[in-house]
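Have a look at the structure below before the remarks.
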Amino acid sequence: MWCVLFVCLTVVAIGFGNELPESFRRCGQAEKKLNDCLKAAVPDALRQMKAGIPSLGVPPMEPLHVSGIDISSGAGPVVITQNYKNIKLHGLTDSVLTTYKADLKRYRLRTDSITPKMEFIADYVMKGRILVLPIQGKGVANITMVNLVVKHDLIGEPVTRDGQTYMHMRDYKVKFIPQKVILHFSNLFNGDKRLGDQMNIFLNENSDLVFNELKESYEKSLSSVFQDVTNKIFDKVPMNKIFPEDP
Ligand SMILES: *[C@@H]1O[C@H](CO)[C@@H](O)[C@H](O)[C@H]1NC(C)=O
């Protein structure tokens with residue numbers, strides 16, 4: 001076991017059939033306390049993955065790079081197009097899990113994590129309107145989520161290859177519930193400092209509204225990143241080596 005959260009773990013390729021590294025705690029399928037075991041083992045594995053797992057193509061987790069996100073929010077109080085590139089997520093490996101529900105017979109994993117401070121740092125371009133105010137800029141965005149609760153719902157399916165069963169994740173849903181969001185966009189309004197400072201203050205005074213309008217797009221992009229990372233491992237390590245039948 002070990003794995004799975006947003007990410008998971010590690011594994012060393014040896015010959016055919018990859019294995020989990022020795023340093024990972026194992027949680028057997030039959031273990032009575034499978035959920036308790038995973039709750040501890042997954043964040044522990046995540047912390048061991050700060051630099052990634054090159055042999056499996058698992059990228060570094062600290063920070064985790066995301067290529068780009070395009071957001072168009074059409075209606076309501078926030079009408080905006082945003083493009084983020086060179087995204088770096090900092091803080092994921094400090095996450096802890098508050099609940100874990102594994103239903104291996106249905107290839108389903110559900111867990112809630114809490115990340116004390118998740119920083120989303122990216123190059124941004126945006127243009128639009130927030131409430132009554134026009135906004136535009138091109139610079140560096142810092143969206144910091146404090147005490148971020150993430151609900152993860154991983155929906156897997158068995159895939160058989162070379163006589164081995166793999167637990168492929170065909171869907172990965174996340175919900176973000178931050179206690180607080182702190183936004184900062186550099187170089188708003190072509191670098192007009194007074195307007196930019198005022199807008200950053202305004203965005204933070206209305207951060208619940210602003211974040212709620214954009215949340216779904218962030219969730220969609222990040223869930224696909226988490227899904228890719230999870231599958232890097234789950235598509236390579238047979239299920240019975242992740243969750244041993246008799247540990
Ligand atoms: C992003 O903003 C947070 C909260 O204001 C701050 O603590 C952090 O240092 C900032 N990160 C960067 C890279 O500017």
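Chain lettering (A, B, ...) mirrors the order of the structure tokens, residue numbering begins at 1 for each chain separately, and ligand numbering begins at 1 in order of display.
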Give one line per residue of chain A that approaches ligand 1 to at most 7 Å, naming the two atoms of the closest pair and their distance in Å to one decimal, counting only C-alpha atoms and all ligand atoms; sort by chain then ascending residue number and deliver it as a tab-separated table.
```
residue	atom	partner	partner_atom_place_in_ligand_line	distance
A:Glu119	CA	ligand 1	1 (C)	6.1
A:Ile121	CA	ligand 1	13 (C)	6.4
A:Asn142	CA	ligand 1	1 (C)	5.0
A:Ile143	CA	ligand 1	1 (C)	6.6
A:Thr144	CA	ligand 1	2 (O)	5.5
A:Ile182	CA	ligand 1	4 (C)	5.9
A:His184	CA	ligand 1	2 (O)	6.9
```
* Asked: If you run DSSP on this backbone, which residues of range 21-219 of chain A come out as strand (DSSP E or B), and could you give them as a PyMOL selection string?
  -> chain A and resi 53+58+64-73+78-90+96-103+108-130+133-161+164-185+188
* Do you know which residues are at most 7 Å from Lys39 in chain A counting only C-alpha atoms, after dropping those on the same chain fewer than 2 positions away, and could you put them as a list in words? ->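 The residues that qualify are Asn35, Asp36, Cys37, Ala41, Val42, Leu97, Thr99 and Tyr100 of chain A.
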* Apply DSSP to the backbone of this structure and, from range 43-224 of chain A, keep only the residues in helix (DSSP H, G or I); write these as a ChimeraX atom specification. => /A:43-47,54-56,92-94,104-106,189-191,193-205,207-224
* To do: Tell me which of A:Ser221, A:Gln29, A:Ser73, A:Thr115 sits closest to His90 in chain A, counting only C-alpha atoms.
  =>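 Counting only C-alpha atoms, the residue closest to His90 in chain A is A:Thr115.
Every protein or nucleic acid residue with an atom no more than 7 Å from Ile177 in chain A, counting only C-alpha atoms and leaving out same-chain residues fewer than 5 positions away, appears here: Leu148, Val149 and Val150 of chain A.
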Tell me, counting only C-alpha atoms, for each residue of range 110-166 of chain A within 8 Å of range 188-191 of chain A, which pair of atoms is nearest and how far apart they are in Å to one decimal, in rows ordered by chain and increasing number, as a Markdown table.
```
| residue | atom | partner | partner_atom | distance |
| --- | --- | --- | --- | --- |
| A:Ile135 | CA | A:Phe189 | CA | 7.3 |
| A:Gln136 | CA | A:Phe189 | CA | 5.6 |
| A:Gly137 | CA | A:Leu188 | CA | 4.1 |
| A:Lys138 | CA | A:Leu188 | CA | 6.4 |
| A:Gly139 | CA | A:Leu188 | CA | 7.3 |
```
* **Residue contacts of Lys105 in chain A (12 Å, only C-alpha atoms) excluding same-chain residues fewer than 5 positions away, as a ChimeraX atom specification** => /A:29-30,155-158,167,239,243
Any chance you can output those residues with N, CA, C and O atoms as a tab-separated table (two decimals), in the first residue's frame?
```tsv
chain	number	residue	atom	x	y	z
A	29	GLN	N	-4.55	-6.10	1.70
A	29	GLN	CA	-5.99	-6.04	1.37
A	29	GLN	C	-6.84	-6.54	2.51
A	29	GLN	O	-7.93	-6.06	2.74
A	30	ALA	N	-6.32	-7.59	3.18
A	30	ALA	CA	-7.14	-8.24	4.19
A	30	ALA	C	-6.97	-7.59	5.55
A	30	ALA	O	-7.66	-7.93	6.49
A	155	ILE	N	-11.94	6.76	-8.76
A	155	ILE	CA	-12.78	5.70	-9.29
A	155	ILE	C	-11.93	4.88	-10.25
A	155	ILE	O	-11.52	5.37	-11.30
A	156	GLY	N	-11.64	3.65	-9.82
A	156	GLY	CA	-10.74	2.82	-10.60
A	156	GLY	C	-11.47	1.69	-11.30
A	156	GLY	O	-12.67	1.51	-11.13
A	157	GLU	N	-10.69	0.96	-12.10
A	157	GLU	CA	-11.22	-0.23	-12.76
A	157	GLU	C	-10.05	-1.18	-12.96
A	157	GLU	O	-8.90	-0.75	-13.08
A	158	PRO	N	-10.36	-2.49	-12.98
A	158	PRO	CA	-9.27	-3.45	-13.17
A	158	PRO	C	-8.86	-3.52	-14.63
A	158	PRO	O	-9.70	-3.48	-15.52
A	167	MET	N	-4.82	-1.58	-11.05
A	167	MET	CA	-5.98	-0.78	-10.64
A	167	MET	C	-5.86	0.59	-11.31
A	167	MET	O	-5.32	1.53	-10.75
A	239	MET	N	-1.78	-4.41	-8.81
A	239	MET	CA	-2.58	-4.11	-7.63
A	239	MET	C	-2.18	-4.95	-6.41
A	239	MET	O	-2.13	-4.44	-5.29
A	243	PHE	N	-1.42	-3.42	-2.77
A	243	PHE	CA	-2.20	-3.92	-1.64
A	243	PHE	C	-1.97	-5.44	-1.57
A	243	PHE	O	-2.72	-6.19	-2.19
```
